[in-house]
Amino acid sequence: MSLVSSTAYKYAEALADVAADTHFPLEKAGEQLESFVSAYNGSEELKSALLVPSYPLAVKQGVVREISQLLKMEKIVLNFLLVLLEKGRLGQIEEVFAAYQGVLDNKAGVVRVDVASAHTLSAEDQKQIAATMKKVTGKEVKLSYSVDDDLIGGLKLQVGSTVYDGSVRSSLEQLRNRMKAESN
């Protein structure tokens with residue numbers, strides 16, 4: 001579960017706004033952004049070429065243009081990547097992509113919920129969590145599940161920047177804090 005910075009979210013919103021203003025399909029912009037993220041993550045040489053401060057900006061821009069041609073990216077996405085590069089934010093491309101997915105979800109009335117549990121949840125438990133989160137948020141939910149070995153039991157849910165911690169560890173910590181407060 002990772003939080004997205006407000007800066008990444010602002011860039012993601014800007015891409016969505018420009019795409020909407022130019023009647024470019026927002027989903028297509030997301031797909032092209034995702035293909036760049038995959039290429040970026042799949043090549044240490046590419047990361048190095050784009051992130052090493054000693055390389056001139058013009059060289060880095062040429063690399064981004066070349067990659068965009070190979071990936072058959074539209075100009076709108078290329079220009080967005082060039083802005084990220086120019087502003088020194090290309091190293092945050094994964095976070096910006098996650099924020100962009102959030103922007104698309106928000107526009108579609110969908111909320112993503114990350115669920116961490118101490119053990120793998122049954123299909124019935126997953127169905128119950130989905131129904132509860134739909135009721136709580138009033139939106140369609142997309143759930144992603146993970147097992148967190150640090151949890152003793154219970155669940156930890158993250159909806160955007162809000163974390164619902166119903167783990168045993170959290171309950172024990174709250175109990176310990178109450179006992180300390182009462183003894184003082």
# chains A, B, ... in the order shown; residues from 1 in each chain; ligands from 1
>>> select_by_dssp(residues="chain A", states="strand (DSSP E)", output="ChimeraX atom specification")
/A:110-117,140-147,154-159,162-167
>>> residues_around(residues="Val18 of chain A", least_positions_apart="3", cutoff="12 Å", atoms="only C-alpha atoms", output="list of chain:residue names")
A:Tyr11, A:Ala12, A:Glu13, A:Ala14, A:Leu15, A:Asp21, A:Thr22, A:His23, A:Phe24, A:Pro25, A:Leu26, A:Ala29, A:Lys75, A:Ile76, A:Val77, A:Asn79, A:Phe80
>>> write_last_selection(atoms="all heavy atoms", output="compact mmCIF listing (two decimals), in the first residue's frame")
# COMPACT_ATOMS: atom_id res chain seq x y z
N TYR A 11 0.02 16.25 -11.51
CA TYR A 11 0.47 15.92 -12.86
C TYR A 11 -0.54 14.99 -13.55
O TYR A 11 -0.87 15.18 -14.72
CB TYR A 11 1.86 15.28 -12.85
CG TYR A 11 2.98 16.28 -12.75
CD1 TYR A 11 3.65 16.49 -11.55
CD2 TYR A 11 3.37 17.03 -13.85
CE1 TYR A 11 4.68 17.43 -11.46
CE2 TYR A 11 4.40 17.96 -13.77
CZ TYR A 11 5.05 18.15 -12.57
OH TYR A 11 6.06 19.08 -12.49
N ALA A 12 -1.03 14.01 -12.82
CA ALA A 12 -2.00 13.07 -13.37
C ALA A 12 -3.28 13.79 -13.78
O ALA A 12 -3.82 13.54 -14.87
CB ALA A 12 -2.30 11.97 -12.36
N GLU A 13 -3.75 14.69 -12.94
CA GLU A 13 -4.95 15.47 -13.27
C GLU A 13 -4.71 16.34 -14.50
O GLU A 13 -5.60 16.50 -15.34
CB GLU A 13 -5.35 16.36 -12.10
CG GLU A 13 -6.09 15.63 -11.01
CD GLU A 13 -6.59 16.59 -9.93
OE1 GLU A 13 -5.82 17.47 -9.49
OE2 GLU A 13 -7.76 16.44 -9.53
N ALA A 14 -3.50 16.89 -14.61
CA ALA A 14 -3.17 17.73 -15.76
C ALA A 14 -3.25 16.91 -17.06
O ALA A 14 -3.80 17.37 -18.06
CB ALA A 14 -1.79 18.35 -15.60
N LEU A 15 -2.71 15.70 -17.04
CA LEU A 15 -2.78 14.85 -18.23
C LEU A 15 -4.23 14.54 -18.57
O LEU A 15 -4.64 14.62 -19.73
CB LEU A 15 -1.99 13.55 -18.02
CG LEU A 15 -2.09 12.53 -19.17
CD1 LEU A 15 -1.61 13.13 -20.49
CD2 LEU A 15 -1.30 11.27 -18.83
N ASP A 21 -9.70 17.86 -22.83
CA ASP A 21 -9.83 19.09 -23.62
C ASP A 21 -9.58 18.85 -25.11
O ASP A 21 -10.16 19.54 -25.94
CB ASP A 21 -8.87 20.17 -23.12
CG ASP A 21 -9.26 20.73 -21.75
OD1 ASP A 21 -10.40 20.44 -21.29
OD2 ASP A 21 -8.43 21.43 -21.14
N THR A 22 -8.72 17.90 -25.42
CA THR A 22 -8.38 17.62 -26.83
C THR A 22 -9.16 16.42 -27.37
O THR A 22 -8.86 15.94 -28.45
CB THR A 22 -6.87 17.38 -26.99
OG1 THR A 22 -6.49 16.27 -26.17
CG2 THR A 22 -6.07 18.61 -26.61
N HIS A 23 -10.11 15.94 -26.58
CA HIS A 23 -10.95 14.79 -26.97
C HIS A 23 -10.12 13.53 -27.22
O HIS A 23 -10.49 12.70 -28.04
CB HIS A 23 -11.82 15.13 -28.19
CG HIS A 23 -12.65 16.35 -27.96
ND1 HIS A 23 -13.71 16.36 -27.08
CD2 HIS A 23 -12.57 17.60 -28.48
CE1 HIS A 23 -14.24 17.57 -27.07
NE2 HIS A 23 -13.56 18.35 -27.90
N PHE A 24 -9.01 13.41 -26.51
CA PHE A 24 -8.18 12.21 -26.59
C PHE A 24 -8.70 11.24 -25.52
O PHE A 24 -8.88 11.65 -24.37
CB PHE A 24 -6.71 12.55 -26.32
CG PHE A 24 -5.77 11.39 -26.53
CD1 PHE A 24 -5.40 11.02 -27.82
CD2 PHE A 24 -5.26 10.69 -25.46
CE1 PHE A 24 -4.55 9.96 -28.02
CE2 PHE A 24 -4.40 9.63 -25.66
CZ PHE A 24 -4.04 9.26 -26.94
N PRO A 25 -8.94 9.99 -25.86
CA PRO A 25 -9.49 9.05 -24.86
C PRO A 25 -8.59 8.91 -23.63
O PRO A 25 -7.40 8.59 -23.77
CB PRO A 25 -9.59 7.73 -25.63
CG PRO A 25 -9.55 8.11 -27.08
CD PRO A 25 -8.76 9.37 -27.17
N LEU A 26 -9.15 9.17 -22.47
CA LEU A 26 -8.37 9.13 -21.24
C LEU A 26 -7.78 7.74 -21.00
O LEU A 26 -6.66 7.63 -20.51
CB LEU A 26 -9.24 9.55 -20.05
CG LEU A 26 -9.39 11.04 -19.83
CD1 LEU A 26 -10.29 11.66 -20.86
CD2 LEU A 26 -9.88 11.34 -18.45
N ALA A 29 -4.67 7.27 -23.12
CA ALA A 29 -3.53 7.98 -22.52
C ALA A 29 -2.95 7.13 -21.39
O ALA A 29 -1.73 7.01 -21.26
CB ALA A 29 -3.95 9.35 -22.02
N LYS A 75 1.19 12.20 -29.46
CA LYS A 75 1.92 13.41 -29.09
C LYS A 75 1.55 13.91 -27.70
O LYS A 75 2.41 14.39 -26.96
CB LYS A 75 1.67 14.49 -30.13
CG LYS A 75 2.55 15.70 -29.96
CD LYS A 75 2.40 16.67 -31.11
CE LYS A 75 3.38 17.81 -30.89
NZ LYS A 75 3.35 18.75 -32.01
N ILE A 76 0.29 13.78 -27.33
CA ILE A 76 -0.16 14.28 -26.02
C ILE A 76 0.59 13.59 -24.88
O ILE A 76 1.00 14.23 -23.91
CB ILE A 76 -1.69 14.12 -25.87
CG1 ILE A 76 -2.17 14.82 -24.60
CG2 ILE A 76 -2.11 12.69 -25.87
CD1 ILE A 76 -3.69 14.86 -24.49
N VAL A 77 0.81 12.29 -25.00
CA VAL A 77 1.50 11.54 -23.95
C VAL A 77 2.99 11.83 -24.00
O VAL A 77 3.64 12.00 -22.96
CB VAL A 77 1.20 10.03 -24.05
CG1 VAL A 77 1.93 9.25 -22.95
CG2 VAL A 77 -0.30 9.77 -23.96
N ASN A 79 4.37 14.63 -25.02
CA ASN A 79 4.56 15.97 -24.43
C ASN A 79 4.48 15.92 -22.91
O ASN A 79 5.23 16.61 -22.22
CB ASN A 79 3.55 16.95 -25.00
CG ASN A 79 3.84 17.31 -26.44
OD1 ASN A 79 4.96 17.10 -26.94
ND2 ASN A 79 2.85 17.81 -27.15
N PHE A 80 3.57 15.11 -22.39
CA PHE A 80 3.44 14.96 -20.94
C PHE A 80 4.75 14.39 -20.35
O PHE A 80 5.25 14.91 -19.35
CB PHE A 80 2.27 14.03 -20.62
CG PHE A 80 2.10 13.76 -19.16
CD1 PHE A 80 1.62 14.74 -18.30
CD2 PHE A 80 2.42 12.51 -18.62
CE1 PHE A 80 1.47 14.49 -16.95
CE2 PHE A 80 2.26 12.26 -17.27
CZ PHE A 80 1.79 13.26 -16.43
>>> residues_around(residues="segment 56-61 of chain A", least_positions_apart="4", cutoff="12 Å", atoms="only C-alpha atoms", output="VMD selection string")
chain A and resid 46 to 52 65 to 68 78 to 88 90
>>> closest_residue(among="A:Ile93, A:Val111, A:Ala8, A:Ile129", to="Val159 of chain A", atoms="only C-alpha atoms")
A:Val111
>>> select_by_dssp(residues="segment 39-118 of chain A", states="helix (DSSP H, G or I)", output="ChimeraX atom specification")
/A:39-41,44-51,57-70,75-86,90-108
>>> closest_residue(among="A:Gly109, A:Tyr145, A:Leu33, A:Gly160", to="Gln126 of chain A", atoms="only C-alpha atoms")
A:Tyr145
>>> residues_around(residues="Tyr164 of chain A", least_positions_apart="6", cutoff="12 Å", atoms="only C-alpha atoms", output="VMD selection string")
chain A and resid 113 to 116 133 136 154 to 158 170 to 171
>>> write_last_selection(atoms="N, CA, C and O atoms", output="short mmCIF file (atom, residue, chain, number, x, y, z; two decimals), in the first residue's frame")
data_model
loop_
_atom_site.label_atom_id
_atom_site.label_comp_id
_atom_site.auth_asym_id
_atom_site.auth_seq_id
_atom_site.Cartn_x
_atom_site.Cartn_y
_atom_site.Cartn_z
N VAL A 113 -9.46 -0.13 -3.37
CA VAL A 113 -9.25 -0.43 -1.96
C VAL A 113 -8.16 -1.50 -1.88
O VAL A 113 -8.27 -2.56 -2.49
N ASP A 114 -7.09 -1.19 -1.16
CA ASP A 114 -6.03 -2.15 -0.90
C ASP A 114 -6.33 -2.81 0.44
O ASP A 114 -6.51 -2.12 1.45
N VAL A 115 -6.38 -4.13 0.44
CA VAL A 115 -6.71 -4.89 1.64
C VAL A 115 -5.50 -5.75 2.00
O VAL A 115 -5.06 -6.57 1.21
N ALA A 116 -4.99 -5.55 3.21
CA ALA A 116 -3.90 -6.37 3.72
C ALA A 116 -4.44 -7.20 4.87
O ALA A 116 -5.17 -6.69 5.73
N MET A 133 -17.38 -2.26 1.60
CA MET A 133 -16.69 -1.07 1.09
C MET A 133 -17.56 -0.33 0.08
O MET A 133 -17.52 0.89 0.00
N VAL A 136 -19.89 1.63 2.26
CA VAL A 136 -19.19 2.71 2.95
C VAL A 136 -18.85 3.86 1.99
O VAL A 136 -19.03 5.03 2.33
N GLY A 154 -6.65 -9.78 11.72
CA GLY A 154 -7.46 -8.63 11.33
C GLY A 154 -7.10 -8.14 9.95
O GLY A 154 -6.44 -8.83 9.18
N LEU A 155 -7.53 -6.92 9.65
CA LEU A 155 -7.35 -6.33 8.32
C LEU A 155 -6.84 -4.91 8.41
O LEU A 155 -7.08 -4.21 9.39
N LYS A 156 -6.20 -4.50 7.34
CA LYS A 156 -5.80 -3.12 7.13
C LYS A 156 -6.31 -2.76 5.74
O LYS A 156 -5.99 -3.43 4.78
N LEU A 157 -7.14 -1.72 5.63
CA LEU A 157 -7.68 -1.30 4.35
C LEU A 157 -7.23 0.11 4.06
O LEU A 157 -7.21 0.96 4.95
N GLN A 158 -6.89 0.36 2.80
CA GLN A 158 -6.51 1.70 2.39
C GLN A 158 -7.40 2.12 1.24
O GLN A 158 -7.48 1.45 0.21
N SER A 170 -2.89 -3.21 15.88
CA SER A 170 -3.41 -1.86 16.13
C SER A 170 -4.30 -1.84 17.36
O SER A 170 -4.21 -0.93 18.19
N SER A 171 -5.14 -2.85 17.50
CA SER A 171 -6.03 -2.92 18.68
C SER A 171 -5.23 -3.05 19.96
O SER A 171 -5.54 -2.41 20.97
#
>>> closest_residue(among="A:Ala39, A:Met179, A:Val141, A:Ala20", to="Asp105 of chain A", atoms="only C-alpha atoms")
A:Val141
>>> atom_distance(atom1="atom CA of Gly153 of chain A", atom2="atom CA of Val110 of chain A")
27.9 Å
>>> closest_residue(among="A:Gln32, A:Ser117, A:Thr132, A:Thr7", to="Asp165 of chain A", atoms="only C-alpha atoms")
A:Ser117
>>> atom_distance(atom1="atom CA of Met73 of chain A", atom2="atom CA of Asn106 of chain A")
24.2 Å
>>> atom_distance(atom1="atom CA of Glu44 of chain A", atom2="atom CA of Asp148 of chain A")
28.7 Å
